[in-house]
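Student: This is model_8.cif (mmCIF, C-alpha atoms and all ligand atoms).
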data_input
#
loop_
_atom_site.label_atom_id
_atom_site.label_comp_id
_atom_site.auth_asym_id
_atom_site.auth_seq_id
_atom_site.Cartn_x
_atom_site.Cartn_y
_atom_site.Cartn_z
CA MET A 1 -6.28 9.22 5.80
CA SER A 2 -2.64 8.53 6.35
CA SER A 3 0.05 11.15 6.12
CA LEU A 4 1.80 11.42 2.78
CA ARG A 5 4.86 9.26 2.37
CA ARG A 6 7.79 9.70 0.10
CA PRO A 7 7.21 7.52 -2.97
CA ALA A 8 9.58 4.70 -3.83
CA LYS A 9 12.15 5.70 -6.44
CA GLU A 10 10.82 4.89 -9.88
CA THR A 11 12.07 4.86 -13.42
CA ALA A 12 10.47 7.59 -15.49
CA CYS A 13 8.79 6.69 -18.78
CA PRO A 14 11.53 7.10 -21.37
CA SER A 15 9.42 8.99 -23.89
CA ARG A 16 8.39 11.58 -21.34
CA THR A 17 11.58 12.43 -19.47
CA ARG A 18 12.99 15.91 -19.63
CA PRO A 19 16.76 15.90 -20.33
CA ARG A 20 18.69 17.33 -17.37
CA ARG A 21 20.90 19.62 -19.46
CA PRO A 22 19.30 20.97 -22.62
CA VAL A 23 21.68 21.04 -25.58
CA PRO A 24 22.47 24.68 -26.52
CA GLY A 25 20.55 25.68 -29.61
CA ALA A 26 18.20 22.72 -29.36
CA THR A 27 14.46 23.21 -29.15
CA VAL A 28 13.15 23.57 -25.61
CA PRO A 29 12.07 20.14 -24.38
CA ASP A 30 8.53 19.44 -23.27
CA ALA A 31 7.72 20.05 -19.64
CA PRO A 32 7.51 16.85 -17.56
CA ALA A 33 4.22 15.08 -18.12
CA PRO A 34 1.69 15.84 -15.38
CA ALA A 35 0.69 12.93 -13.13
CA VAL A 36 -2.48 11.14 -14.13
CA LEU A 37 -2.41 9.06 -10.96
CA ARG A 38 -0.92 9.65 -7.52
CA VAL A 39 -1.39 7.10 -4.77
CA ARG A 40 -0.10 7.42 -1.23
CA GLY A 41 -0.20 5.04 1.69
CA VAL A 42 -3.19 2.99 0.54
CA ARG A 43 -4.19 0.21 2.90
CA LYS A 44 -7.06 -2.21 2.67
CA ALA A 45 -8.02 -5.20 4.79
CA TYR A 46 -10.99 -7.54 4.55
CA GLY A 47 -11.85 -8.14 8.18
CA ARG A 48 -8.59 -9.14 9.82
CA HIS A 49 -6.97 -10.06 6.53
CA PRO A 50 -4.73 -7.22 5.31
CA VAL A 51 -4.46 -7.17 1.52
CA LEU A 52 -2.87 -3.78 0.76
CA ARG A 53 -0.34 -2.66 3.37
CA GLY A 54 0.82 0.71 2.09
CA ILE A 55 0.73 1.35 -1.66
CA ASP A 56 2.55 4.36 -3.13
CA LEU A 57 2.42 4.86 -6.86
CA ASP A 58 2.80 7.66 -9.44
CA LEU A 59 1.93 7.54 -13.11
CA PRO A 60 2.74 10.33 -15.57
CA ALA A 61 0.90 10.82 -18.85
CA GLY A 62 1.91 8.45 -21.64
CA CYS A 63 3.05 5.59 -19.44
CA LEU A 64 2.39 1.88 -19.80
CA ALA A 65 2.68 0.38 -16.33
CA GLY A 66 2.09 -3.15 -15.11
CA VAL A 67 1.44 -4.80 -11.77
CA VAL A 68 2.02 -8.52 -11.54
CA GLY A 69 1.42 -10.78 -8.59
CA GLU A 70 0.27 -14.22 -7.63
CA ASN A 71 -3.40 -15.18 -7.39
CA GLY A 72 -4.85 -13.58 -4.29
CA SER A 73 -2.02 -11.06 -3.89
CA GLY A 74 -4.49 -8.15 -4.08
CA LYS A 75 -4.25 -6.90 -7.67
CA THR A 76 -8.01 -6.66 -8.21
CA THR A 77 -8.44 -5.04 -4.80
CA LEU A 78 -5.82 -2.46 -5.76
CA LEU A 79 -7.50 -1.67 -9.10
CA ARG A 80 -10.93 -1.45 -7.45
CA VAL A 81 -9.53 1.04 -4.95
CA LEU A 82 -7.93 3.08 -7.75
CA ALA A 83 -11.16 2.99 -9.77
CA GLY A 84 -13.13 4.21 -6.76
CA GLN A 85 -15.15 1.00 -6.44
CA THR A 86 -13.67 -0.06 -3.10
CA ARG A 87 -12.96 2.35 -0.31
CA PRO A 88 -9.46 2.07 1.15
CA ASP A 89 -9.05 1.91 4.94
CA ARG A 90 -6.29 4.50 4.74
CA GLY A 91 -4.40 6.49 2.14
CA THR A 92 -5.18 8.74 -0.80
CA VAL A 93 -5.82 8.25 -4.51
CA GLU A 94 -5.65 11.30 -6.76
CA CYS A 95 -6.44 11.22 -10.47
CA PRO A 96 -7.52 14.51 -12.00
CA GLY A 97 -9.16 13.17 -15.16
CA PRO A 98 -11.71 10.50 -16.07
CA VAL A 99 -10.74 6.84 -15.71
CA GLY A 100 -11.47 3.86 -17.93
CA TYR A 101 -11.85 0.72 -15.85
CA CYS A 102 -11.89 -2.74 -17.40
CA PRO A 103 -12.76 -5.15 -14.56
CA GLN A 104 -11.81 -8.80 -14.49
CA GLU A 105 -15.41 -9.90 -14.39
CA THR A 106 -17.55 -8.72 -17.27
CA VAL A 107 -20.29 -6.34 -16.18
CA LEU A 108 -22.38 -6.83 -19.28
CA ASN A 109 -25.97 -7.83 -19.82
CA PRO A 110 -25.97 -11.19 -21.64
CA ALA A 111 -29.34 -10.46 -23.30
CA PHE A 112 -28.06 -7.29 -25.03
CA THR A 113 -26.13 -7.26 -28.29
CA VAL A 114 -22.69 -5.71 -28.72
CA ASP A 115 -24.29 -2.72 -30.46
CA GLN A 116 -26.81 -2.23 -27.66
CA HIS A 117 -23.96 -2.11 -25.13
CA LEU A 118 -22.18 0.46 -27.26
CA GLU A 119 -25.32 2.58 -27.54
CA LEU A 120 -25.82 2.50 -23.76
CA PHE A 121 -22.27 3.61 -23.10
CA HIS A 122 -22.50 6.29 -25.80
CA VAL A 123 -25.37 7.85 -23.96
CA ALA A 124 -23.65 7.46 -20.58
CA TYR A 125 -20.46 9.12 -21.87
CA ARG A 126 -22.39 11.68 -23.94
CA LEU A 127 -20.32 10.98 -27.03
CA PRO A 128 -21.21 12.94 -30.18
CA ASP A 129 -21.01 9.99 -32.59
CA ALA A 130 -20.08 6.32 -32.94
CA ARG A 131 -16.74 6.93 -34.64
CA ARG A 132 -14.57 5.84 -31.74
CA ALA A 133 -16.58 2.65 -31.22
CA ASP A 134 -16.17 1.77 -34.90
CA GLU A 135 -12.41 2.37 -34.72
CA LEU A 136 -12.04 0.22 -31.60
CA LEU A 137 -14.15 -2.63 -32.99
CA ASP A 138 -12.00 -2.55 -36.09
CA ALA A 139 -8.73 -2.39 -34.12
CA LEU A 140 -9.69 -5.48 -32.12
CA ARG A 141 -11.28 -7.15 -35.18
CA PHE A 142 -14.70 -7.94 -33.84
CA THR A 143 -16.95 -5.80 -36.00
CA ALA A 144 -18.58 -9.03 -37.23
CA TYR A 145 -20.07 -9.58 -33.76
CA ARG A 146 -21.96 -6.26 -33.58
CA HIS A 147 -25.39 -7.87 -33.73
CA HIS A 148 -24.58 -10.86 -31.53
CA ARG A 149 -26.01 -11.18 -28.04
CA VAL A 150 -23.26 -10.96 -25.45
CA GLY A 151 -24.46 -14.19 -23.79
CA ALA A 152 -23.60 -16.05 -26.99
CA LEU A 153 -20.07 -14.64 -27.32
CA SER A 154 -16.91 -16.51 -26.38
CA GLY A 155 -15.05 -15.39 -23.24
CA GLY A 156 -12.30 -13.71 -25.26
CA THR A 157 -14.79 -11.80 -27.43
CA ARG A 158 -16.72 -10.66 -24.36
CA GLN A 159 -13.44 -9.42 -22.95
CA LYS A 160 -12.86 -7.39 -26.14
CA LEU A 161 -16.20 -5.69 -25.61
CA ASN A 162 -15.28 -5.02 -21.99
CA LEU A 163 -12.08 -3.39 -23.17
CA VAL A 164 -13.83 -1.29 -25.85
CA LEU A 165 -16.32 0.00 -23.25
CA ALA A 166 -13.42 1.09 -21.02
CA LEU A 167 -11.70 2.88 -23.94
CA LEU A 168 -14.77 4.42 -25.56
CA HIS A 169 -14.59 7.86 -23.92
CA ASP A 170 -10.82 8.11 -24.47
CA PRO A 171 -9.87 8.58 -20.80
CA PRO A 172 -6.34 9.71 -19.90
CA LEU A 173 -5.98 6.81 -17.44
CA LEU A 174 -6.90 3.18 -18.08
CA LEU A 175 -7.08 0.62 -15.30
CA LEU A 176 -7.16 -2.82 -16.88
CA ASP A 177 -7.61 -6.02 -14.88
CA GLU A 178 -6.26 -9.01 -16.84
CA PRO A 179 -7.29 -7.25 -20.10
CA TYR A 180 -6.08 -9.96 -22.49
CA GLN A 181 -7.48 -12.89 -20.57
CA GLY A 182 -8.92 -15.34 -23.11
CA PHE A 183 -7.41 -13.56 -26.13
CA ASP A 184 -5.97 -15.57 -28.98
CA TRP A 185 -2.47 -14.66 -30.11
CA GLU A 186 -3.54 -12.23 -32.85
CA SER A 187 -5.93 -10.41 -30.51
CA TYR A 188 -3.19 -10.24 -27.90
CA GLN A 189 -0.88 -8.57 -30.45
CA ARG A 190 -3.63 -6.17 -31.49
CA PHE A 191 -4.20 -5.24 -27.88
CA TRP A 192 -0.55 -4.21 -27.55
CA GLU A 193 -0.63 -2.30 -30.86
CA LEU A 194 -3.65 -0.35 -29.61
CA ALA A 195 -2.02 0.24 -26.23
CA GLY A 196 1.11 1.53 -27.99
CA GLU A 197 -0.93 3.97 -30.12
CA LEU A 198 -2.81 5.27 -27.10
CA ARG A 199 0.38 5.64 -25.09
CA ALA A 200 1.93 7.64 -27.95
CA ALA A 201 -1.15 9.89 -27.76
CA GLY A 202 -0.44 10.48 -24.05
CA ARG A 203 -2.81 7.97 -22.43
CA SER A 204 -1.56 5.98 -19.44
CA PHE A 205 -2.25 2.39 -18.53
CA LEU A 206 -2.07 0.37 -15.37
CA VAL A 207 -2.37 -3.26 -16.42
CA VAL A 208 -2.81 -5.91 -13.76
CA SER A 209 -2.00 -9.54 -14.50
CA HIS A 210 -1.07 -12.68 -12.61
CA ILE A 211 1.68 -13.23 -15.18
CA ALA A 212 3.67 -10.71 -17.21
CA TYR A 213 4.27 -12.35 -20.57
CA ASP A 214 6.21 -9.49 -22.06
CA THR A 215 7.84 -7.47 -19.33
CA ALA A 216 9.74 -5.42 -21.92
CA ARG A 217 6.48 -3.89 -23.14
CA PHE A 218 6.02 -1.96 -19.89
CA ASP A 219 7.64 1.35 -19.05
CA ARG A 220 7.22 0.47 -15.39
CA LEU A 221 6.56 -2.84 -13.76
CA TRP A 222 5.84 -3.66 -10.15
CA ARG A 223 5.27 -6.87 -8.29
CA LEU A 224 2.54 -6.90 -5.66
CA GLU A 225 3.78 -9.01 -2.79
CA ASN A 226 2.77 -9.06 0.85
CA GLY A 227 0.54 -6.07 0.25
CA ARG A 228 3.29 -3.84 -1.13
CA LEU A 229 4.63 -2.91 -4.55
CA ALA A 230 8.21 -3.89 -5.32
CA PRO A 231 9.99 -2.96 -8.56
CA GLY A 232 10.06 -5.53 -11.36
CA GLY A 233 8.37 -8.85 -11.82
CA ARG A 234 9.14 -12.33 -12.92
CA SER A 235 8.51 -12.99 -16.59
CA GLY A 236 5.98 -15.64 -17.58
CA SER A 237 6.53 -18.48 -20.00
CA GLY A 238 6.65 -16.08 -22.93
CA ALA A 239 4.13 -18.26 -24.67
CA GLY A 240 1.48 -15.55 -24.77
CA PRO A 241 -1.98 -15.47 -23.27
CA ALA A 242 -3.84 -18.52 -22.08
CA ALA A 243 -6.75 -18.64 -24.50
CA GLU A 244 -10.02 -19.34 -22.76
CA GLY A 245 -12.77 -18.64 -25.15
N1 LIG A 301 -14.95 -8.75 -1.01
C1 LIG A 301 -14.04 -9.48 -0.38
N2 LIG A 301 -14.27 -9.93 0.88
C2 LIG A 301 -13.35 -10.65 1.54
N3 LIG A 301 -12.14 -10.99 1.03
C3 LIG A 301 -11.87 -10.59 -0.21
C4 LIG A 301 -12.79 -9.82 -0.99
N4 LIG A 301 -12.23 -9.58 -2.19
C5 LIG A 301 -11.01 -10.15 -2.18
N5 LIG A 301 -10.80 -10.78 -1.00
C6 LIG A 301 -9.58 -11.49 -0.61
O1 LIG A 301 -8.51 -10.57 -0.75
C7 LIG A 301 -7.36 -11.23 -1.27
C8 LIG A 301 -6.91 -10.53 -2.55
O2 LIG A 301 -7.91 -10.75 -3.55
P1 LIG A 301 -7.80 -10.10 -5.00
O3 LIG A 301 -8.96 -10.56 -5.79
O4 LIG A 301 -7.59 -8.65 -4.86
O5 LIG A 301 -6.44 -10.77 -5.52
P2 LIG A 301 -5.87 -10.90 -7.00
O6 LIG A 301 -4.40 -10.69 -6.90
O7 LIG A 301 -6.62 -10.02 -7.92
O8 LIG A 301 -6.19 -12.42 -7.35
P3 LIG A 301 -6.34 -13.14 -8.79
O9 LIG A 301 -5.00 -13.11 -9.47
O10 LIG A 301 -6.75 -14.52 -8.41
O11 LIG A 301 -7.42 -12.41 -9.54
C9 LIG A 301 -7.75 -12.70 -1.45
O12 LIG A 301 -7.31 -13.41 -0.31
C10 LIG A 301 -9.26 -12.65 -1.52
O13 LIG A 301 -9.81 -13.84 -1.03
#
Since I need it in another form, could you write the structure as structure tokens?

Tutor:
Amino acid sequence: MSSLRRPAKETACPSRTRPRRPVPGATVPDAPAPAVLRVRGVRKAYGRHPVLRGIDLDLPAGCLAGVVGENGSGKTTLLRVLAGQTRPDRGTVECPGPVGYCPQETVLNPAFTVDQHLELFHVAYRLPDARRADELLDALRFTAYRHHRVGALSGGTRQKLNLVLALLHDPPLLLLDEPYQGFDWESYQRFWELAGELRAAGRSFLVVSHIAYDTARFDRLWRLENGRLAPGGRSGSGAGPAAEG
């Protein structure tokens, strides 16, 4: 484990900042949101190929953060490290609560239906009822596919299921790898509506994408370059997601 480094200066999420000087007579502002993710000095190499060369990152509650970077820059590796699926060579990752991880590749069984996937995850998460699943299916408008086998779904619809499975247990931190890949325009908009509602309820997101279509939607945005996070990112074409299925 590496020694702790001082994090790069970051912009706080606007909705969660505590004013420096409270106005006399005003109600006492909320305390600063506790961190849902704290990353220090994370490094990862595959053989002699360094991919992450020292990642420092903090996320408070109720923050929509993005990481953009070119293909092969290490975004998936970073998310896998944060989700605990890949062990870093050095550094620390602290997240006190449960995590919802939506990987780039679907980890679904093509022979099972949408409903069967939901039932499996219900049991795994020990959820009391199916209410949240129903709400999420409705929010992403794919209730009609409940009884379809996943192998017969389009890529975009499979991705919706992937997203629902990551959100089902209402985790405080969501790690989403190219979450709107394959979405049509309406689904893309619905994704952002849902993300906005969850952020307002205090959930935090780290969204990884090779292109940031709407940089203004993020409270924080980094660019992963040469194994390090730099503030900001180049905007994409603005034309929305590349529909794939
Ligand atoms: N398991 C692995 N073994 C060896 N090299 C790997 C492994 N996984 C990723 N890499 C390499 O690490 C680098 C970063 O890959 P990664 O998938 O993290 O990038 P990415 O930014 O997510 O790419 P993309 O935008 O194409 O999804 C690439 O050069 C890739 O070939």

Student: Could you please extract the residues within 9 Å of ligand LIG 301 (chain A), counting all atoms listed in the file, and hand them back as a VMD selection string?

Tutor: chain A and resid 45 to 47 49 to 52 68 to 80 104 177 to 178 208 to 211 224

Student: Generate the output file for the selected residues, C-alpha atoms, as a compact mmCIF listing (two decimals), in the frame of the given file.

Tutor:
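Just written: selection_15.txt:
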# COMPACT_ATOMS: atom_id res chain seq x y z
CA ALA A 45 -8.02 -5.20 4.79
CA TYR A 46 -10.99 -7.54 4.55
CA GLY A 47 -11.85 -8.14 8.18
CA HIS A 49 -6.97 -10.06 6.53
CA PRO A 50 -4.73 -7.22 5.31
CA VAL A 51 -4.46 -7.17 1.52
CA LEU A 52 -2.87 -3.78 0.76
CA VAL A 68 2.02 -8.52 -11.54
CA GLY A 69 1.42 -10.78 -8.59
CA GLU A 70 0.27 -14.22 -7.63
CA ASN A 71 -3.40 -15.18 -7.39
CA GLY A 72 -4.85 -13.58 -4.29
CA SER A 73 -2.02 -11.06 -3.89
CA GLY A 74 -4.49 -8.15 -4.08
CA LYS A 75 -4.25 -6.90 -7.67
CA THR A 76 -8.01 -6.66 -8.21
CA THR A 77 -8.44 -5.04 -4.80
CA LEU A 78 -5.82 -2.46 -5.76
CA LEU A 79 -7.50 -1.67 -9.10
CA ARG A 80 -10.93 -1.45 -7.45
CA GLN A 104 -11.81 -8.80 -14.49
CA ASP A 177 -7.61 -6.02 -14.88
CA GLU A 178 -6.26 -9.01 -16.84
CA VAL A 208 -2.81 -5.91 -13.76
CA SER A 209 -2.00 -9.54 -14.50
CA HIS A 210 -1.07 -12.68 -12.61
CA ILE A 211 1.68 -13.23 -15.18
CA LEU A 224 2.54 -6.90 -5.66

Student: For Leu175 (chain A), which residue out of A:Pro103, A:Gly41, A:Pro34, A:Gly91 is the nearest one, using all atoms listed in the file?

Tutor: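 Of all the options, A:Pro103 lies closest to Leu175 (chain A).
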
Student: Using only C-alpha atoms - which residues lie no farther than 12 Å from the point (-2.5, 9.7, -28.1) in the file's frame? Write them as a list of chain:residue names.

Tutor: A:Ala61, A:Gly62, A:Cys63, A:Asp170, A:Pro171, A:Pro172, A:Leu173, A:Leu194, A:Ala195, A:Gly196, A:Glu197, A:Leu198, A:Arg199, A:Ala200, A:Ala201, A:Gly202, A:Arg203, A:Ser204

Student: Can you tell me, as a list in words, what residues are no more than 9 Å from region 136-152 of chain A when counting only C-alpha atoms, ignoring any on the same chain fewer than 4 positions away?

Tutor: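 That gives Leu108, Asn109, Pro110, Ala111, Phe112, Thr113, Val114, Asp115, Gln116, His117, Arg131, Arg132, Thr157, Arg158, Lys160, Leu161, Val164, Leu167, Leu168, Ser187, Arg190, Phe191, Glu193 and Leu194 of chain A.
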
Student: Write the residues of the preceding selection, restricted to C-alpha atoms, as a CSV table (one decimal), in the coordinates of the input.

Tutor:
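Resulting contents of selection.csv:
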chain,number,residue,atom,x,y,z
A,108,LEU,CA,-22.4,-6.8,-19.3
A,109,ASN,CA,-26.0,-7.8,-19.8
A,110,PRO,CA,-26.0,-11.2,-21.6
A,111,ALA,CA,-29.3,-10.5,-23.3
A,112,PHE,CA,-28.1,-7.3,-25.0
A,113,THR,CA,-26.1,-7.3,-28.3
A,114,VAL,CA,-22.7,-5.7,-28.7
A,115,ASP,CA,-24.3,-2.7,-30.5
A,116,GLN,CA,-26.8,-2.2,-27.7
A,117,HIS,CA,-24.0,-2.1,-25.1
A,131,ARG,CA,-16.7,6.9,-34.6
A,132,ARG,CA,-14.6,5.8,-31.7
A,157,THR,CA,-14.8,-11.8,-27.4
A,158,ARG,CA,-16.7,-10.7,-24.4
A,160,LYS,CA,-12.9,-7.4,-26.1
A,161,LEU,CA,-16.2,-5.7,-25.6
A,164,VAL,CA,-13.8,-1.3,-25.8
A,167,LEU,CA,-11.7,2.9,-23.9
A,168,LEU,CA,-14.8,4.4,-25.6
A,187,SER,CA,-5.9,-10.4,-30.5
A,190,ARG,CA,-3.6,-6.2,-31.5
A,191,PHE,CA,-4.2,-5.2,-27.9
A,193,GLU,CA,-0.6,-2.3,-30.9
A,194,LEU,CA,-3.6,-0.4,-29.6

Student: CA of Arg38 (chain A) to CA of Leu165 (chain A): how many Å, to one decimal?

Tutor: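 Between CA of Arg38 (chain A) and CA of Leu165 (chain A) the gap works out to 24.0 Å.
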
Student: My list of candidates is A:Gly54, A:Gly156, A:Pro179, A:Gly97. Which is closest to Trp192 (chain A) when distances are computed with all atoms listed in the file?

Tutor: A:Pro179

Student: Do you have the CA of Pro96 (chain A)-CA of Leu37 (chain A) distance handy?

Tutor: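 For CA of Pro96 (chain A) relative to CA of Leu37 (chain A), the distance reads 7.5 Å.
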
Student: Could you tell me how far CA of Leu120 (chain A) sits from CA of Gly84 (chain A), in Å to one decimal place?

Tutor: 21.3 Å

Student: Of the residues A:Gly155, A:Val207, A:Val39, A:His169, which is the one nearest to Asp184 (chain A), using only C-alpha atoms?

Tutor: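 Among the listed residues, the smallest separation from Asp184 (chain A) belongs to A:Gly155.
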
Student: Which residues, written as a list in words, have at least one atom at most 9 Å from Gly66 (chain A), with only C-alpha atoms counted and residues fewer than 5 positions away on the same chain left out?

Tutor: Phe205, Leu206, Val207, Val208, Ser209, Ala212, Thr215, Phe218, Asp219, Arg220, Leu221, Trp222 and Arg223 of chain A
